[in-house]
There are 2 protein chains.
Amino acid sequence: MGSVTLKDLSKQLNLSPSTVSRALNDHPAISLTTKERVQKLAAELKYQPNQLARGLHKKRTQIIGVIVPEIRHDFFSAVISGIEEIMYKAGFTIMVCQSMEDSQREIETLEAMLAHQISGLLISVSENTKNSLPFISVLERGYPIVFFDRVIENINASCVVVDDFDGAFQAVEHLIQSGYRDIAYIGGPKNLNIQRKRLHGYRTALKKNSISINRDWIVSTGLNEKDGIWGAQELFKVEKRPRAIFCINDPVATGVYSVVQEKGLSIPDDVAVIGFTDDPIVRLLNPPLSTISQPKVEMGKSAARLLLEQINHTETEFVPRVVTLKTKLIVRKST
Amino acid sequence: MGSVTLKDLSKQLNLSPSTVSRALNDHPAISLTTKERVQKLAAELKYQPNQLARGLHKKRTQIIGVIVPEIRHDFFSAVISGIEEIMYKAGFTIMVCQSMEDSQREIETLEAMLAHQISGLLISVSENTKNSLPFISVLERGYPIVFFDRVIENINASCVVVDDFDGAFQAVEHLIQSGYRDIAYIGGPKNLNIQRKRLHGYRTALKKNSISINRDWIVSTGLNEKDGIWGAQELFKVEKRPRAIFCINDPVATGVYSVVQEKGLSIPDDVAVIGFTDDPIVRLLNPPLSTISQPKVEMGKSAARLLLEQINHTETEFVPRVVTLKTKLIVRKST
DNA sequence: CTGTTAGCGCATTCAT
DNA sequence: ATGAATGCGCTAACAG
């Protein structure tokens, strides 16, 4: 309601609103004395500039949009936490939406954010996002976007990813070093960069070790526990069962665990399993899951910094950057 | 940039901006034909009303503020997920900030949200929030607040909680039924309602069963794993060691686990442990933790609905409501 | 049923 | 160094 405005201040100080505005924004052409008078009163009255009025004028707010598939995933909540940390320090607030893995909802929610004149967008796309046109359109309308983890490639925007190829390569190489040669892969939707890169890492590790690739041992599904269950069941239908399974992520690996245990088989004696991400729960699985850890919070911070740079250097011509963070192999008892 | 405005539409249709505005908002005094013409063109041009302009006029936006101690806690990310789900369907977006358990930052971030003219606030306060004045001030300025889980009492606002007293009572009653009589409690900061209620439940269960209360077995600390470690160490210094420990929440219980195991003791043979919340990881602990489960997503949905009601019925006089959700005792192997 | 006018609070251009 | 005037895009009171 009755929050104090520029006009209120100007009346009390016998100054014009414009002078007050300038004083508050540290305009060079304002005398030190009036600046001090103004800032003192503003502090006393706890003046807070109305961000809507400010944004309406500037055509941009101090709000950043963040869209993730689901907030309630340790990976995404960790990334959001990192984003919030950086943005808070930079004086921005974040608007958070979840696509619920639905590309339609993703676009709707994005449009809603644009209507609020966000200054930029941080997004990890849904598992069925195939069309890059909406994002290209957003970029063309002048809104900066930084993609993270699940990114859209071949687009004029920066992104932050981990070295998915290398992570997958390390995982499979580790399996091979541990003596396994019959190695399967349970992956995700083919439109996702993380799927393509991790599959590529898997294939490359096998080839490098002169292990032929068995098409029956590569299955493509979703990214959740239920998909891991489905994937493991598929693999177990194959005539020759694999001896080790590399999973695109930890939830899928968790699904594999339940199928293996239901069949009365043992991990790693009958089947070794390795995941990707290092969710907090997987070290508590029985046996603890070997996996590839990703720097989640750091990914959020890094993406946030990239976006801030882009917002602040709108003059200099924009060159999209790709920040690739390192993964780390974590060996536990499942391999 | 060049997004289409009301004026653009009005020019193309040879109508005044106000007519177009009314047509879009389904004003009763507009003919069906013009409504259709307007809505058709708006759809074609993908017109999106500028929410800043709209909000500037109405003094309220379609944004809801959400403040939690830390996003990266399963409990809070689950609640946020529930909030987002309801708010999305109601046409609101959410602005999310974390206080990082710092009441100073909590207020700062709240003021930033108010400057963005949020329509309401959903908050679970930080562990060192003691001063209710800032919140009273916000309410007086006309912004509705709904508190959840960690609430401020004696304030003219609605809230959503679980029956903390009953949950704690059930937990301790369960310990007693299982044959334990030497039962300790590791709690949190005294200013928090959840601490007071759960402690009260603990005491009541003991009294009801004619078990005398041992002050040495009640420790008050924080809400994280490290606090559980500290709390357990304190309890183990006491001459007569308790045989069971009720912890204010699961992270604290997890801390207790590590101390017990470090001392070479066994759960539940040497010490039984029960938590509160049912975080996803605790069923995987060794042994799986008995706990009191809370309906997290439902808590978020419920709080969101409460806030929406309040936003929509601003005419009818406001009567604060307290929604109390049920908890459930989950018995695993730790008790 | 529709148009005109004004104003939300701020930043900025143009005066002085 | 400061003030006056203007407009961002929308809605609503007031006219007709």
# chains A, B, ... in the order shown; residues from 1 in each chain; ligands from 1

$ residues_around --residues "Ala171 (chain A)" --least-positions-apart "4" --cutoff "8 Å" --atoms "only C-alpha atoms (C1' of nucleotides)" --output "list in words"
Gly167, Leu175, Phe246, Ile274, Thr291, Ile292 and Leu329 of chain A

$ write_last_selection --atoms "N, CA, C and O atoms" --output "PDB file, in the first residue's frame"
ATOM      1  N   GLY A 167      32.993 -37.939 -18.847  1.00  0.00           N
ATOM      2  CA  GLY A 167      32.435 -38.621 -17.685  1.00  0.00           C
ATOM      3  C   GLY A 167      32.012 -40.034 -18.047  1.00  0.00           C
ATOM      4  O   GLY A 167      32.325 -41.000 -17.340  1.00  0.00           O
ATOM      5  N   LEU A 175      34.824 -49.579 -15.712  1.00  0.00           N
ATOM      6  CA  LEU A 175      34.236 -50.921 -15.750  1.00  0.00           C
ATOM      7  C   LEU A 175      35.188 -51.892 -16.442  1.00  0.00           C
ATOM      8  O   LEU A 175      35.413 -53.017 -15.981  1.00  0.00           O
ATOM      9  N   PHE A 246      26.077 -49.354 -17.512  1.00  0.00           N
ATOM     10  CA  PHE A 246      26.333 -47.932 -17.289  1.00  0.00           C
ATOM     11  C   PHE A 246      25.006 -47.213 -17.510  1.00  0.00           C
ATOM     12  O   PHE A 246      24.385 -47.365 -18.560  1.00  0.00           O
ATOM     13  N   ILE A 274      26.905 -48.716 -12.711  1.00  0.00           N
ATOM     14  CA  ILE A 274      27.487 -47.401 -12.432  1.00  0.00           C
ATOM     15  C   ILE A 274      26.529 -46.325 -12.943  1.00  0.00           C
ATOM     16  O   ILE A 274      25.872 -46.508 -13.976  1.00  0.00           O
ATOM     17  N   THR A 291      29.634 -43.930  -9.261  1.00  0.00           N
ATOM     18  CA  THR A 291      28.984 -42.963 -10.151  1.00  0.00           C
ATOM     19  C   THR A 291      29.969 -41.891 -10.595  1.00  0.00           C
ATOM     20  O   THR A 291      31.134 -41.898 -10.204  1.00  0.00           O
ATOM     21  N   ILE A 292      29.467 -41.000 -11.433  1.00  0.00           N
ATOM     22  CA  ILE A 292      30.266 -39.867 -11.896  1.00  0.00           C
ATOM     23  C   ILE A 292      29.675 -38.628 -11.238  1.00  0.00           C
ATOM     24  O   ILE A 292      28.506 -38.326 -11.447  1.00  0.00           O
ATOM     25  N   LEU A 329      35.128 -39.420 -11.203  1.00  0.00           N
ATOM     26  CA  LEU A 329      34.711 -40.809 -11.000  1.00  0.00           C
ATOM     27  C   LEU A 329      34.716 -41.134  -9.512  1.00  0.00           C
ATOM     28  O   LEU A 329      35.703 -40.891  -8.813  1.00  0.00           O
TER      29      LEU A 329
END

$ closest_atom_pairs --of "chain C" --to "region 36-54 of chain A" --cutoff "9 Å" --atoms "only C-alpha atoms (C1' of nucleotides)" --output "Markdown table"
| residue | atom | partner | partner_atom | distance |
| --- | --- | --- | --- | --- |
| C:DC8 | C1' | A:Ala53 | CA | 8.0 |
| C:DG9 | C1' | A:Ala53 | CA | 5.0 |
| C:DC10 | C1' | A:Arg54 | CA | 5.1 |
| C:DA11 | C1' | A:Arg54 | CA | 7.4 |

$ interface_residues --of "chain D" --to "chain B" --cutoff "10 Å" --atoms "only C-alpha atoms (C1' of nucleotides)" --output "MDAnalysis selection string"
chainID D and resid 8:12

$ select_by_dssp --residues "region 113-287 of chain A" --states "alpha helix (DSSP H)" --output "count of residues only"
67

$ closest_atom_pairs --of "chain C" --to "chain B" --cutoff "12 Å" --atoms "only C-alpha atoms (C1' of nucleotides)" --output "CSV"
residue,atom,partner,partner_atom,distance
C:DC1,C1',B:Ile30,CA,5.9
C:DT2,C1',B:Thr19,CA,6.6
C:DG3,C1',B:Ser16,CA,6.3
C:DT4,C1',B:Ser16,CA,9.1
C:DT5,C1',B:Ser18,CA,10.9
C:DA6,C1',B:His57,CA,11.8
C:DG7,C1',B:His57,CA,8.2
C:DC8,C1',B:His57,CA,4.5
C:DG9,C1',B:Leu56,CA,7.7
C:DC10,C1',B:Leu56,CA,10.6

$ select_by_dssp --residues "region 121-326 of chain A" --states "strand (DSSP E)" --output "PyMOL selection string"
chain A and resi 121-123+145-148+158-162+183-187+218-220+244-247+272-274+291-293+322-325

$ closest_atom_pairs --of "region 3-79 of chain A" --to "region 310-317 of chain A" --cutoff "12 Å" --atoms "only C-alpha atoms" --output "CSV"
residue,atom,partner,partner_atom,distance
A:Arg60,CA,A:Ile311,CA,10.3
A:Thr61,CA,A:Ile311,CA,11.2
A:Gln62,CA,A:Ile311,CA,10.5
A:Ile63,CA,A:Ile311,CA,11.5
A:Ile64,CA,A:Ile311,CA,10.4

$ write_last_selection --atoms "N, CA and C atoms" --output "PDB file, in the first residue's frame"
ATOM      1  N   ARG A  60      13.354  -3.531 -18.633  1.00  0.00           N
ATOM      2  CA  ARG A  60      13.981  -4.703 -18.028  1.00  0.00           C
ATOM      3  C   ARG A  60      13.900  -4.597 -16.511  1.00  0.00           C
ATOM      4  N   THR A  61      13.780  -5.739 -15.865  1.00  0.00           N
ATOM      5  CA  THR A  61      13.712  -5.743 -14.412  1.00  0.00           C
ATOM      6  C   THR A  61      14.979  -6.341 -13.820  1.00  0.00           C
ATOM      7  N   GLN A  62      14.987  -6.434 -12.513  1.00  0.00           N
ATOM      8  CA  GLN A  62      16.079  -7.127 -11.828  1.00  0.00           C
ATOM      9  C   GLN A  62      15.631  -8.556 -11.514  1.00  0.00           C
ATOM     10  N   ILE A  63      14.925  -9.139 -12.447  1.00  0.00           N
ATOM     11  CA  ILE A  63      14.449 -10.510 -12.246  1.00  0.00           C
ATOM     12  C   ILE A  63      15.067 -11.421 -13.292  1.00  0.00           C
ATOM     13  N   ILE A  64      15.480 -12.594 -12.868  1.00  0.00           N
ATOM     14  CA  ILE A  64      16.008 -13.608 -13.765  1.00  0.00           C
ATOM     15  C   ILE A  64      15.057 -14.791 -13.751  1.00  0.00           C
TER      16      ILE A  64
END

$ interface_residues --of "chain A" --to "chain B" --cutoff "6 Å" --atoms "only C-alpha atoms" --output "JSON, numbers by chain"
{"A": [1, 50, 51, 52, 56, 71, 72, 77, 78, 81, 94, 95, 115, 116, 141, 142, 281, 284]}

$ atom_distance --atom1 "CA of Ser258 (chain A)" --atom2 "CA of Gly228 (chain A)"
9.0 Å

$ residues_around --residues "Gln261 (chain B)" --least-positions-apart "6" --cutoff "12 Å" --atoms "only C-alpha atoms (C1' of nucleotides)" --output "MDAnalysis selection string"
chainID B and resid 229 232:233 254:255 267:271 285:287

$ residues_around --residues "Ile83 (chain A)" --least-positions-apart "5" --cutoff "6 Å" --atoms "only C-alpha atoms (C1' of nucleotides)" --output "number ranges by chain"
A: 300-301, 304

$ atom_distance --atom1 "CA of Asp227 (chain A)" --atom2 "CA of Lys296 (chain A)"
22.6 Å

$ atom_distance --atom1 "CA of Ile213 (chain B)" --atom2 "CA of Gly179 (chain B)"
16.5 Å

$ closest_residue --among "A:Arg243, A:Arg150, A:Ile248, A:Val219" --to "Leu265 (chain A)" --atoms "only C-alpha atoms"
A:Arg243

$ decode --residues "region 123-257 of chain A" --atoms "C-alpha atoms" --output "short mmCIF file (atom, residue, chain, number, x, y, z; two decimals), in the first residue's frame"
data_model
loop_
_atom_site.label_atom_id
_atom_site.label_comp_id
_atom_site.auth_asym_id
_atom_site.auth_seq_id
_atom_site.Cartn_x
_atom_site.Cartn_y
_atom_site.Cartn_z
CA ILE A 123 17.15 -23.07 -18.40
CA SER A 124 17.67 -26.79 -18.48
CA VAL A 125 15.23 -28.10 -21.07
CA SER A 126 12.60 -30.78 -20.66
CA GLU A 127 13.21 -34.29 -21.90
CA ASN A 128 10.88 -33.85 -24.83
CA THR A 129 12.03 -30.45 -25.97
CA LYS A 130 12.94 -30.81 -29.61
CA ASN A 131 12.03 -27.53 -31.17
CA SER A 132 14.64 -24.81 -30.78
CA LEU A 133 12.60 -22.15 -32.60
CA PRO A 134 10.92 -20.72 -29.51
CA PHE A 135 14.31 -20.16 -27.92
CA ILE A 136 15.73 -18.62 -31.05
CA SER A 137 12.76 -16.28 -31.09
CA VAL A 138 13.40 -15.29 -27.48
CA LEU A 139 17.05 -14.58 -28.25
CA GLU A 140 16.05 -12.50 -31.24
CA ARG A 141 13.72 -10.48 -29.09
CA GLY A 142 16.82 -9.52 -27.14
CA TYR A 143 16.58 -11.66 -24.03
CA PRO A 144 19.82 -13.38 -23.05
CA ILE A 145 19.62 -17.10 -22.31
CA VAL A 146 22.15 -19.38 -20.67
CA PHE A 147 21.44 -23.09 -20.94
CA PHE A 148 22.76 -25.55 -18.38
CA ASP A 149 23.12 -29.32 -18.28
CA ARG A 150 20.37 -30.13 -20.76
CA VAL A 151 21.21 -27.64 -23.44
CA ILE A 152 20.08 -26.78 -26.94
CA GLU A 153 22.98 -26.90 -29.32
CA ASN A 154 23.55 -24.96 -32.49
CA ILE A 155 22.04 -21.86 -31.04
CA ASN A 156 23.58 -18.47 -30.40
CA ALA A 157 23.63 -18.73 -26.60
CA SER A 158 26.09 -19.59 -23.87
CA CYS A 159 25.83 -22.76 -21.87
CA VAL A 160 27.30 -24.60 -18.92
CA VAL A 161 27.70 -28.35 -19.06
CA VAL A 162 29.89 -31.00 -17.59
CA ASP A 163 32.16 -32.97 -19.84
CA ASP A 164 29.53 -35.62 -20.44
CA PHE A 165 31.59 -37.42 -23.00
CA ASP A 166 34.55 -37.67 -20.69
CA GLY A 167 32.43 -38.62 -17.68
CA ALA A 168 30.84 -41.47 -19.59
CA PHE A 169 34.19 -42.50 -20.98
CA GLN A 170 35.67 -42.64 -17.48
CA ALA A 171 32.73 -44.65 -16.19
CA VAL A 172 33.00 -47.27 -18.90
CA GLU A 173 36.77 -47.28 -18.82
CA HIS A 174 36.54 -47.96 -15.10
CA LEU A 175 34.24 -50.92 -15.75
CA ILE A 176 36.66 -52.28 -18.31
CA GLN A 177 39.63 -51.81 -15.98
CA SER A 178 37.68 -53.73 -13.37
CA GLY A 179 37.49 -56.67 -15.73
CA TYR A 180 34.06 -56.26 -17.26
CA ARG A 181 33.70 -56.54 -21.02
CA ASP A 182 29.99 -57.23 -21.46
CA ILE A 183 28.82 -53.72 -20.77
CA ALA A 184 25.35 -52.34 -21.48
CA TYR A 185 24.10 -48.76 -21.54
CA ILE A 186 20.71 -47.46 -20.47
CA GLY A 187 20.24 -44.01 -21.91
CA GLY A 188 17.67 -41.27 -22.25
CA PRO A 189 15.78 -39.45 -24.98
CA LYS A 190 17.84 -39.00 -28.11
CA ASN A 191 17.14 -35.31 -28.46
CA LEU A 192 19.10 -34.53 -25.31
CA ASN A 193 22.73 -33.53 -25.52
CA ILE A 194 23.52 -35.46 -22.35
CA GLN A 195 22.24 -38.64 -23.98
CA ARG A 196 24.24 -38.17 -27.16
CA LYS A 197 27.43 -37.24 -25.36
CA ARG A 198 27.24 -40.01 -22.79
CA LEU A 199 26.41 -42.59 -25.40
CA HIS A 200 29.35 -41.39 -27.41
CA GLY A 201 31.60 -41.74 -24.38
CA TYR A 202 30.35 -45.27 -23.87
CA ARG A 203 31.00 -46.28 -27.47
CA THR A 204 34.41 -44.65 -27.54
CA ALA A 205 35.57 -46.42 -24.39
CA LEU A 206 34.49 -49.76 -25.80
CA LYS A 207 36.16 -49.13 -29.14
CA LYS A 208 39.37 -47.96 -27.55
CA ASN A 209 39.51 -51.28 -25.74
CA SER A 210 38.61 -53.26 -28.86
CA ILE A 211 35.29 -54.39 -27.45
CA SER A 212 32.65 -54.76 -30.11
CA ILE A 213 29.39 -52.93 -29.62
CA ASN A 214 26.28 -55.01 -29.07
CA ARG A 215 23.20 -53.11 -30.23
CA ASP A 216 20.99 -55.18 -27.93
CA TRP A 217 22.85 -53.75 -25.00
CA ILE A 218 22.02 -50.16 -25.77
CA VAL A 219 18.56 -49.08 -24.69
CA SER A 220 17.06 -45.65 -24.87
CA THR A 221 14.37 -44.56 -22.44
CA GLY A 222 13.65 -41.73 -19.97
CA LEU A 223 15.54 -40.26 -17.05
CA ASN A 224 13.72 -41.49 -13.99
CA GLU A 225 13.73 -44.52 -11.75
CA LYS A 226 10.83 -46.11 -13.59
CA ASP A 227 12.78 -45.81 -16.82
CA GLY A 228 15.68 -47.63 -15.21
CA ILE A 229 13.30 -50.41 -14.26
CA TRP A 230 12.02 -50.65 -17.80
CA GLY A 231 15.54 -50.51 -19.22
CA ALA A 232 16.86 -53.24 -16.97
CA GLN A 233 13.92 -55.46 -17.84
CA GLU A 234 14.67 -54.97 -21.53
CA LEU A 235 18.30 -55.90 -21.02
CA PHE A 236 17.36 -59.00 -19.10
CA LYS A 237 15.24 -60.21 -22.01
CA VAL A 238 18.30 -60.32 -24.25
CA GLU A 239 19.72 -63.76 -24.81
CA LYS A 240 23.17 -62.95 -23.55
CA ARG A 241 22.91 -60.88 -20.42
CA PRO A 242 25.41 -58.06 -19.88
CA ARG A 243 27.72 -58.23 -16.88
CA ALA A 244 27.79 -54.50 -16.23
CA ILE A 245 25.45 -51.57 -16.85
CA PHE A 246 26.33 -47.93 -17.29
CA CYS A 247 23.28 -45.77 -16.60
CA ILE A 248 22.77 -42.26 -17.93
CA ASN A 249 22.02 -41.04 -14.41
CA ASP A 250 21.51 -42.11 -10.82
CA PRO A 251 17.72 -42.39 -10.78
CA VAL A 252 17.95 -44.83 -13.69
CA ALA A 253 20.64 -46.76 -11.82
CA THR A 254 18.35 -46.91 -8.81
CA GLY A 255 15.68 -48.47 -11.00
CA VAL A 256 18.20 -51.02 -12.21
CA TYR A 257 18.99 -51.92 -8.59
#
